[in-house]
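Visitor: I am sharing query29.tsv, which consists of TSV, C-alpha atoms:
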```
chain	number	residue	atom	x	y	z
A	1	MET	CA	0.00	0.00	0.00
A	2	SER	CA	1.69	3.20	-1.12
A	3	SER	CA	1.29	6.54	0.64
A	4	MET	CA	-0.93	7.72	-2.24
A	5	GLN	CA	-3.58	5.33	-0.99
A	6	TYR	CA	-3.89	7.08	2.37
A	7	SER	CA	-6.26	9.98	2.95
A	8	GLU	CA	-5.00	13.54	2.55
A	9	ARG	CA	-6.12	14.23	6.12
A	10	PHE	CA	-3.85	11.50	7.51
A	11	LEU	CA	-0.85	12.48	5.36
A	12	ASN	CA	-1.26	16.15	6.31
A	13	PHE	CA	-1.40	15.21	9.99
A	14	VAL	CA	1.85	13.23	9.62
A	15	GLN	CA	3.52	16.19	7.94
A	16	GLN	CA	2.29	18.63	10.60
A	17	GLN	CA	3.86	16.49	13.31
A	18	LEU	CA	7.12	16.29	11.39
A	19	MET	CA	7.20	20.04	10.76
A	20	SER	CA	7.13	20.62	14.51
A	21	PHE	CA	10.82	19.60	14.52
A	22	GLN	CA	11.86	22.58	12.37
A	23	ALA	CA	13.23	24.57	15.28
A	24	ASN	CA	15.00	21.58	16.82
A	25	GLN	CA	18.79	21.92	16.78
A	26	GLU	CA	19.50	18.28	17.58
A	27	LEU	CA	17.68	16.43	14.82
A	28	GLU	CA	18.85	16.01	11.27
A	29	HIS	CA	16.18	13.74	9.81
A	30	VAL	CA	12.85	12.17	10.89
A	31	VAL	CA	10.99	9.55	8.84
A	32	VAL	CA	7.60	7.94	9.43
A	33	TYR	CA	7.07	4.41	8.12
A	34	VAL	CA	3.89	2.35	7.91
A	35	ALA	CA	3.92	-1.44	8.13
A	36	ARG	CA	2.27	-3.44	5.38
A	37	SER	CA	2.51	-6.91	3.88
A	38	GLY	CA	4.86	-7.08	0.94
A	39	ASP	CA	4.08	-8.82	-2.32
A	40	SER	CA	5.99	-11.86	-1.13
A	41	GLY	CA	4.02	-11.98	2.10
A	42	SER	CA	6.93	-10.68	4.22
A	43	PRO	CA	6.35	-7.47	6.22
A	44	SER	CA	7.54	-4.15	4.84
A	45	LEU	CA	7.99	-0.67	6.33
A	46	GLU	CA	7.23	2.00	3.75
A	47	VAL	CA	7.67	5.77	4.02
A	48	VAL	CA	4.59	8.02	4.42
A	49	GLY	CA	6.36	11.20	5.53
A	50	GLN	CA	9.78	12.72	6.25
A	51	TRP	CA	11.40	15.85	7.56
A	52	PRO	CA	13.04	17.81	6.09
A	53	LYS	CA	10.87	17.37	3.01
A	54	SER	CA	12.75	16.00	0.03
A	55	GLU	CA	11.95	15.05	-3.53
A	56	LYS	CA	14.08	11.95	-3.08
A	57	VAL	CA	11.99	8.83	-2.57
A	58	LEU	CA	13.31	6.85	0.37
A	59	GLN	CA	13.54	3.08	0.22
A	60	PRO	CA	11.58	0.75	2.51
A	61	VAL	CA	13.50	-0.06	5.69
A	62	GLU	CA	14.32	-3.65	4.68
A	63	THR	CA	16.02	-2.56	1.44
A	64	ASP	CA	17.95	0.42	2.85
A	65	THR	CA	21.42	-1.03	3.50
A	66	ALA	CA	22.60	2.11	5.33
A	67	LEU	CA	20.16	1.34	8.15
A	68	ARG	CA	21.80	-2.00	8.86
A	69	THR	CA	24.77	-0.29	10.51
A	70	PRO	CA	24.08	0.51	14.19
A	71	SER	CA	24.43	4.17	15.18
A	72	SER	CA	24.11	5.99	18.48
A	73	ASN	CA	22.66	8.91	16.49
A	74	ARG	CA	19.65	6.91	15.31
A	75	ARG	CA	16.58	5.86	17.30
A	76	TRP	CA	13.42	3.95	16.43
A	77	TYR	CA	10.00	4.65	17.98
A	78	PRO	CA	7.28	2.06	17.34
A	79	LEU	CA	3.76	3.02	16.29
A	80	GLN	CA	1.73	0.39	18.08
A	81	GLU	CA	-1.90	-0.52	18.74
A	82	GLY	CA	-1.72	-2.97	21.61
A	83	SER	CA	0.74	-5.64	20.53
A	84	ILE	CA	0.36	-4.87	16.82
A	85	LEU	CA	3.13	-2.91	15.11
A	86	LEU	CA	1.51	-0.41	12.72
A	87	GLY	CA	4.68	1.43	11.79
A	88	VAL	CA	7.76	3.20	13.18
A	89	ILE	CA	9.41	6.60	13.44
A	90	ARG	CA	13.10	6.79	12.58
A	91	ALA	CA	14.85	9.76	14.14
A	92	GLU	CA	18.41	10.75	13.13
A	93	ARG	CA	20.19	13.37	15.19
A	94	ILE	CA	23.10	15.54	14.07
A	95	ALA	CA	26.37	13.61	14.49
A	96	SER	CA	27.48	13.73	18.10
A	97	GLU	CA	29.95	11.98	20.34
A	98	GLU	CA	27.31	11.84	23.05
A	99	GLU	CA	25.79	8.41	23.58
A	100	GLU	CA	22.68	9.67	25.34
A	101	TRP	CA	19.88	11.67	23.72
A	102	SER	CA	18.40	14.59	25.59
A	103	GLU	CA	15.46	13.49	27.74
A	104	SER	CA	13.19	16.25	26.40
A	105	LEU	CA	13.76	15.18	22.77
A	106	ASP	CA	13.20	11.52	23.61
A	107	GLN	CA	9.93	12.27	25.43
A	108	ARG	CA	8.76	14.45	22.57
A	109	LEU	CA	9.40	11.71	20.02
A	110	GLN	CA	7.59	9.20	22.24
A	111	SER	CA	4.57	11.51	22.48
A	112	ILE	CA	4.45	12.01	18.72
A	113	SER	CA	4.73	8.26	18.18
A	114	ILE	CA	1.61	7.78	20.34
A	115	LEU	CA	-0.29	10.49	18.40
A	116	LEU	CA	0.71	9.02	15.05
A	117	ALA	CA	-0.13	5.48	16.19
A	118	ASN	CA	-3.66	6.57	17.14
A	119	SER	CA	-4.10	8.48	13.89
A	120	LEU	CA	-2.77	5.54	11.85
A	121	ALA	CA	-5.08	3.09	13.64
A	122	SER	CA	-8.08	5.32	12.78
A	123	GLU	CA	-6.86	5.61	9.18
A	124	LEU	CA	-6.60	1.82	8.83
A	125	ASP	CA	-10.08	1.39	10.35
A	126	ARG	CA	-11.40	3.94	7.85
A	127	LYS	CA	-9.82	2.08	4.95
A	128	ARG	CA	-11.26	-1.24	6.11
A	129	LEU	CA	-14.74	0.29	6.39
A	130	LEU	CA	-14.46	1.82	2.92
A	131	GLU	CA	-13.41	-1.54	1.49
A	132	GLN	CA	-16.40	-3.22	3.17
A	133	LEU	CA	-18.69	-0.47	1.84
A	134	ASP	CA	-17.34	-0.94	-1.70
A	135	ASP	CA	-17.99	-4.68	-1.40
A	136	GLN	CA	-21.55	-4.06	-0.20
A	137	LYS	CA	-22.18	-1.63	-3.05
A	138	GLU	CA	-20.97	-4.22	-5.53
A	139	GLN	CA	-23.24	-6.87	-4.00
A	140	ILE	CA	-26.25	-4.52	-4.09
A	141	SER	CA	-25.55	-3.62	-7.71
A	142	LEU	CA	-25.38	-7.32	-8.60
A	143	MET	CA	-28.59	-8.06	-6.70
A	144	VAL	CA	-30.45	-5.23	-8.46
A	145	HIS	CA	-29.22	-6.48	-11.82
A	146	GLN	CA	-30.32	-10.06	-11.07
A	147	LEU	CA	-33.77	-8.97	-9.84
A	148	ARG	CA	-34.65	-6.81	-12.81
A	149	ASN	CA	-35.19	-9.66	-15.28
A	150	PRO	CA	-37.64	-11.78	-13.25
A	151	LEU	CA	-39.44	-8.62	-12.14
A	152	ALA	CA	-39.85	-7.48	-15.75
A	153	ALA	CA	-41.15	-10.96	-16.59
A	154	LEU	CA	-43.78	-10.71	-13.84
A	155	GLY	CA	-44.96	-7.41	-15.30
A	156	THR	CA	-45.20	-8.97	-18.76
A	157	TYR	CA	-47.17	-11.96	-17.45
A	158	ALA	CA	-49.56	-9.62	-15.59
A	159	LYS	CA	-50.24	-7.62	-18.76
A	160	LEU	CA	-50.86	-10.82	-20.73
A	161	LEU	CA	-53.19	-12.07	-18.00
A	162	LEU	CA	-55.12	-8.79	-18.04
A	163	LYS	CA	-55.67	-9.18	-21.78
A	164	LYS	CA	-56.72	-12.79	-21.37
A	165	ILE	CA	-59.38	-12.24	-18.70
A	166	GLY	CA	-60.92	-9.27	-20.53
A	167	PRO	CA	-62.11	-5.86	-19.30
A	168	GLU	CA	-65.35	-7.20	-17.78
A	169	SER	CA	-63.71	-9.81	-15.54
A	170	GLU	CA	-64.30	-9.58	-11.81
A	171	HIS	CA	-60.60	-10.34	-11.36
A	172	LYS	CA	-59.46	-7.28	-13.34
A	173	ASN	CA	-58.67	-5.23	-10.22
A	174	LEU	CA	-56.57	-8.04	-8.76
A	175	VAL	CA	-54.37	-8.15	-11.85
A	176	LYS	CA	-54.13	-4.34	-11.93
A	177	GLY	CA	-53.12	-4.48	-8.28
A	178	LEU	CA	-50.37	-6.94	-9.21
A	179	MET	CA	-49.11	-4.54	-11.89
A	180	THR	CA	-49.17	-1.63	-9.45
A	181	GLU	CA	-47.14	-3.60	-6.91
A	182	GLN	CA	-44.67	-4.64	-9.61
A	183	ALA	CA	-44.18	-0.96	-10.52
A	184	GLN	CA	-43.63	-0.12	-6.85
A	185	VAL	CA	-40.97	-2.82	-6.49
A	186	ASN	CA	-39.29	-1.34	-9.55
A	187	LYS	CA	-39.04	1.96	-7.67
A	188	TYR	CA	-37.48	0.22	-4.70
A	189	LEU	CA	-34.94	-1.40	-7.03
A	190	TYR	CA	-34.10	2.01	-8.43
A	191	ALA	CA	-33.62	3.32	-4.88
A	192	LEU	CA	-31.43	0.33	-4.01
A	193	ASP	CA	-29.36	1.01	-7.09
A	194	GLN	CA	-28.53	4.43	-5.65
A	195	LEU	CA	-26.71	2.66	-2.83
A	196	SER	CA	-24.23	1.27	-5.34
A	197	GLN	CA	-23.37	4.77	-6.54
A	198	VAL	CA	-20.40	6.74	-5.25
A	199	LYS	CA	-22.60	9.23	-3.38
A	200	LEU	CA	-26.28	9.21	-2.48
A	201	PRO	CA	-28.25	12.20	-3.78
A	202	GLN	CA	-29.32	14.87	-1.32
A	203	ALA	CA	-32.65	16.58	-0.99
A	204	ASP	CA	-33.05	20.09	-2.41
A	205	ASP	CA	-32.81	21.57	1.09
A	206	GLY	CA	-29.40	19.94	1.61
A	207	SER	CA	-30.60	17.41	4.17
A	208	ASN	CA	-30.13	13.69	3.69
A	209	ARG	CA	-33.56	12.22	2.98
A	210	LEU	CA	-34.43	8.72	4.02
A	211	LEU	CA	-34.14	6.28	1.15
A	212	LEU	CA	-37.55	5.72	-0.42
A	213	PRO	CA	-38.82	4.76	-3.86
A	214	PRO	CA	-38.33	7.87	-6.01
A	215	LEU	CA	-41.27	9.65	-7.58
A	216	LEU	CA	-40.74	9.73	-11.31
A	217	PRO	CA	-40.86	13.09	-13.16
A	218	THR	CA	-43.78	11.84	-15.26
A	219	GLU	CA	-45.92	11.44	-12.14
A	220	THR	CA	-46.23	15.11	-11.20
A	221	SER	CA	-50.00	15.15	-11.71
A	222	ILE	CA	-50.78	12.25	-9.37
A	223	SER	CA	-52.66	13.17	-6.17
A	224	VAL	CA	-52.08	11.73	-2.70
A	225	LYS	CA	-55.42	9.94	-3.02
A	226	SER	CA	-54.16	8.16	-6.15
A	227	LEU	CA	-51.06	7.02	-4.26
A	228	ILE	CA	-53.03	5.66	-1.30
A	229	GLU	CA	-55.79	3.91	-3.25
A	230	PRO	CA	-53.52	1.02	-4.35
A	231	LEU	CA	-52.46	0.54	-0.72
A	232	ILE	CA	-56.10	0.28	0.30
A	233	GLU	CA	-56.79	-2.28	-2.44
A	234	ARG	CA	-53.78	-4.26	-1.26
A	235	ALA	CA	-55.00	-4.17	2.35
A	236	LYS	CA	-58.53	-5.13	1.30
A	237	ALA	CA	-57.24	-8.20	-0.58
A	238	ARG	CA	-55.00	-9.18	2.34
A	239	ALA	CA	-57.84	-8.87	4.85
A	240	ASN	CA	-60.04	-11.01	2.60
A	241	LEU	CA	-57.40	-13.74	2.45
A	242	GLN	CA	-57.02	-13.69	6.23
A	243	GLY	CA	-60.75	-13.67	6.91
A	244	ARG	CA	-60.58	-10.28	8.64
A	245	LYS	CA	-63.08	-7.45	8.51
A	246	TRP	CA	-61.71	-4.53	6.55
A	247	PHE	CA	-62.99	-0.96	6.70
A	248	GLY	CA	-61.90	1.51	4.02
A	249	PRO	CA	-62.32	5.28	4.09
A	250	SER	CA	-65.95	6.46	4.24
A	251	LYS	CA	-65.04	9.60	2.27
A	252	TRP	CA	-62.07	11.41	0.77
A	253	PRO	CA	-61.43	14.94	2.04
A	254	LYS	CA	-60.39	17.64	-0.42
A	255	TRP	CA	-56.77	17.76	0.73
A	256	MET	CA	-56.22	14.22	-0.59
A	257	GLU	CA	-56.76	15.61	-4.10
A	258	SER	CA	-55.07	18.98	-3.64
A	259	ARG	CA	-51.77	18.06	-1.96
A	260	SER	CA	-48.98	17.66	-4.49
A	261	ILE	CA	-46.98	14.63	-5.60
A	262	SER	CA	-43.92	16.10	-3.86
A	263	GLU	CA	-45.51	14.76	-0.69
A	264	GLY	CA	-45.82	11.23	-2.08
A	265	VAL	CA	-43.91	10.15	1.00
A	266	ILE	CA	-47.35	10.20	2.70
A	267	ALA	CA	-48.06	6.89	0.94
A	268	GLU	CA	-44.91	5.39	2.47
A	269	ILE	CA	-46.09	6.33	5.95
A	270	VAL	CA	-49.49	4.75	5.31
A	271	ALA	CA	-47.89	1.61	3.86
A	272	ASN	CA	-45.73	1.19	6.99
A	273	LEU	CA	-48.70	1.64	9.32
A	274	LEU	CA	-50.91	-0.81	7.41
A	275	GLU	CA	-48.15	-3.42	7.39
A	276	ASN	CA	-47.77	-3.09	11.16
A	277	ALA	CA	-51.53	-3.40	11.71
A	278	PHE	CA	-51.66	-6.68	9.80
A	279	ARG	CA	-48.45	-8.01	11.29
A	280	TYR	CA	-49.03	-7.33	14.98
A	281	SER	CA	-52.79	-7.45	15.54
A	282	PRO	CA	-54.52	-10.79	16.30
A	283	PRO	CA	-55.73	-12.69	13.17
A	284	GLN	CA	-59.43	-12.16	13.99
A	285	SER	CA	-59.26	-8.42	14.69
A	286	SER	CA	-60.72	-5.85	12.31
A	287	ILE	CA	-58.45	-3.35	10.55
A	288	GLY	CA	-59.30	-0.12	8.81
A	289	ILE	CA	-58.20	3.26	7.56
A	290	GLU	CA	-60.06	6.52	8.01
A	291	VAL	CA	-59.21	9.84	6.38
A	292	ILE	CA	-60.54	13.19	7.61
A	293	GLU	CA	-59.45	16.82	7.42
A	294	GLU	CA	-57.22	16.41	10.48
A	295	GLY	CA	-55.23	13.53	9.02
A	296	ILE	CA	-55.14	9.76	8.46
A	297	CYS	CA	-55.86	7.04	10.98
A	298	ILE	CA	-54.85	3.39	10.58
A	299	TRP	CA	-56.54	1.35	13.28
A	300	ASP	CA	-57.02	-2.21	14.48
A	301	GLU	CA	-59.30	-3.78	17.05
A	302	GLY	CA	-56.48	-5.76	18.63
A	303	ILE	CA	-54.97	-5.75	22.11
A	304	PRO	CA	-53.95	-2.21	23.15
A	305	ILE	CA	-50.20	-1.65	23.26
A	306	LYS	CA	-48.91	-1.58	26.84
A	307	GLN	CA	-48.60	1.80	28.54
A	308	GLU	CA	-44.82	1.51	29.02
A	309	GLU	CA	-44.28	0.72	25.32
A	310	ARG	CA	-46.40	3.47	23.76
A	311	GLU	CA	-43.50	5.86	23.16
A	312	MET	CA	-40.73	3.28	22.96
A	313	ILE	CA	-42.26	1.69	19.84
A	314	PHE	CA	-41.27	4.85	17.92
A	315	GLU	CA	-37.58	4.27	18.71
A	316	LYS	CA	-35.42	2.62	16.06
A	317	GLY	CA	-34.76	-1.03	16.79
A	318	PHE	CA	-37.35	-1.34	19.57
A	319	ARG	CA	-39.86	-4.16	19.21
A	320	GLY	CA	-42.67	-4.51	21.72
A	321	GLU	CA	-43.94	-7.65	23.37
A	322	SER	CA	-46.34	-8.43	20.53
A	323	GLY	CA	-43.55	-8.24	17.95
A	324	SER	CA	-40.77	-9.95	19.87
A	325	LYS	CA	-41.54	-13.37	18.36
A	326	MET	CA	-41.81	-12.09	14.78
A	327	SER	CA	-39.16	-11.21	12.23
A	328	GLY	CA	-38.53	-7.54	11.62
A	329	SER	CA	-36.06	-4.73	12.19
A	330	GLY	CA	-38.15	-2.53	14.49
A	331	ILE	CA	-37.66	0.44	12.17
A	332	GLY	CA	-41.13	0.86	10.60
A	333	LEU	CA	-42.73	3.17	13.16
A	334	ALA	CA	-39.53	5.16	13.70
A	335	LEU	CA	-39.31	5.69	9.95
A	336	ALA	CA	-42.99	6.66	9.70
A	337	ARG	CA	-42.72	9.24	12.51
A	338	ASP	CA	-39.50	10.71	11.10
A	339	LEU	CA	-41.13	11.13	7.70
A	340	ALA	CA	-44.28	12.65	9.21
A	341	ARG	CA	-42.22	15.24	11.08
A	342	GLN	CA	-40.21	16.04	7.95
A	343	LEU	CA	-43.53	17.04	6.41
A	344	GLY	CA	-44.32	19.30	9.37
A	345	GLY	CA	-46.81	16.82	10.87
A	346	ASP	CA	-46.63	14.09	13.48
A	347	LEU	CA	-47.51	10.48	14.21
A	348	LYS	CA	-49.15	9.47	17.49
A	349	LEU	CA	-50.69	6.37	19.02
A	350	PHE	CA	-54.18	6.20	20.58
A	351	VAL	CA	-55.38	3.01	22.25
A	352	ASN	CA	-58.94	4.20	21.78
A	353	PRO	CA	-59.57	4.58	18.00
A	354	SER	CA	-62.93	6.27	18.70
A	355	GLN	CA	-60.97	9.31	19.90
A	356	PHE	CA	-60.15	9.90	16.24
A	357	LYS	CA	-63.69	9.25	15.02
A	358	ASN	CA	-66.77	8.23	17.01
A	359	SER	CA	-67.67	5.37	14.67
A	360	LEU	CA	-64.35	3.54	15.30
A	361	PRO	CA	-63.83	0.88	18.04
A	362	GLU	CA	-63.35	2.04	21.61
A	363	SER	CA	-60.47	-0.35	22.20
A	364	GLY	CA	-57.51	-1.26	20.03
A	365	ASN	CA	-54.66	0.72	18.49
A	366	ALA	CA	-54.95	3.76	16.25
A	367	PHE	CA	-51.94	5.40	14.66
A	368	VAL	CA	-52.90	8.91	13.73
A	369	PHE	CA	-50.82	10.72	11.15
A	370	THR	CA	-51.47	14.47	11.10
A	371	LEU	CA	-50.24	16.92	8.49
A	372	GLU	CA	-49.30	20.57	8.62
A	373	PRO	CA	-52.34	22.55	7.39
A	374	LYS	CA	-52.07	24.11	3.91
```
In structure tokens, how does this file's structure come out?
Guide:
Amino acid sequence: MSSMQYSERFLNFVQQQLMSFQANQELEHVVVYVARSGDSGSPSLEVVGQWPKSEKVLQPVETDTALRTPSSNRRWYPLQEGSILLGVIRAERIASEEEEWSESLDQRLQSISILLANSLASELDRKRLLEQLDDQKEQISLMVHQLRNPLAALGTYAKLLLKKIGPESEHKNLVKGLMTEQAQVNKYLYALDQLSQVKLPQADDGSNRLLLPPLLPTETSISVKSLIEPLIERAKARANLQGRKWFGPSKWPKWMESRSISEGVIAEIVANLLENAFRYSPPQSSIGIEVIEEGICIWDEGIPIKQEEREMIFEKGFRGESGSKMSGSGIGLALARDLARQLGGDLKLFVNPSQFKNSLPESGNAFVFTLEPK
């Protein structure tokens, strides 16, 4: 590993430490070496900095024959992390008959060796993490590539099936739902593909947005209602398969049509909340969604979440008692609340859904997503 492969920050720090010897009248030359495995597998100590600066490229320690001769004017200071040798400092003082080095100079070199050892350890950790990140990006890119073909085939089969059953078929909406879901997965693949890029894009306001399926430029005329309707159809079909009672919105308020596609993230919040309702409520409990001027409520008639867990469930990684035996990352509700607050709204839990609307059950769990008025 040559010095060119180290970060500028690390190399500048090395040079700053070396430049601190400019006013020293005892030293003639100081060199910093970093240990690495040579091509033959044997260890090597290669130069990453020297003072005074010189255009001459110094040889690695093991090939510099001049260093094989012992000298009382030369000292070595190891750069260590525990028992691991990360590198060394070679200090050469101006020729002197004195056997002993001044105590102040020796202590100073020891202190700098500790500083450089810590900095080098951090630099090596950084390089290992970057290598792991590059490997992950490559794996994600490969996965996205491999998924695109079967996903495209599913879309083709769905279109063929839609033609086969005809426009009057009672199953038409099911096939259209399949096509909608296929398009949504395509968006997730696109978002995953961004992870394999050198740098993730930032939002217009400069903040790092959470990774979500992107809204395509051609979709600027789609309303929030149009984004949520497929989610409701999906939930309705799922409830039917599970033998649950499903309750869709009784009406659509005006804001569902008027709010712009730039807030399509609203659909992601709803999708997370619906998934949680199906996953964590008992199989026989009813599930529904209600939309009013004040916001959106996703509710279930299951067992109310325990008092001590009602705020903790919004923390990343936390999974309550009802979810402890199920697979999952514990990130859904934290993600939903973060997104709601990015929009100027909030996400809260009520264990009495009727507090949101009188016609809803008096016991269960209701996640109420409110939006900033416009």
Visitor: When distances are computed from all atoms listed in the file, which of A:Asp64, A:Glu362, A:Asp106, A:Glu315 shows the smallest separation from Ala336 (chain A)?
Guide: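 Counting all atoms listed in the file, the residue closest to Ala336 (chain A) is A:Glu315.
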Visitor: Between CA of Ser285 (chain A) and CA of Ala340 (chain A), what distance in Å does the model show, to one decimal?
Guide: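 According to the coordinates, CA of Ser285 (chain A) and CA of Ala340 (chain A) are separated by 26.4 Å.
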Visitor: Work out how far CA of Gly317 (chain A) is from CA of Tyr188 (chain A), in Å to one decimal.
Guide: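 Taking CA of Tyr188 (chain A) as the start and CA of Gly317 (chain A) as the end point, the length is 21.7 Å.
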Visitor: Which residues come within 12 Å of region 171-176 of chain A, counting only C-alpha atoms, excluding same-chain residues fewer than 2 positions away, as an MDAnalysis selection string?
Guide: chainID A and resid 154:169 178:183 229:230 233:238
Visitor: Using only C-alpha atoms for the distances, tell me which of A:Leu124, A:Leu45, A:Val144, A:Ala239 is nearest to Arg279 (chain A).
Guide: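 Ranking A:Leu124, A:Leu45, A:Val144, A:Ala239 by distance to Arg279 (chain A), first place goes to A:Ala239.
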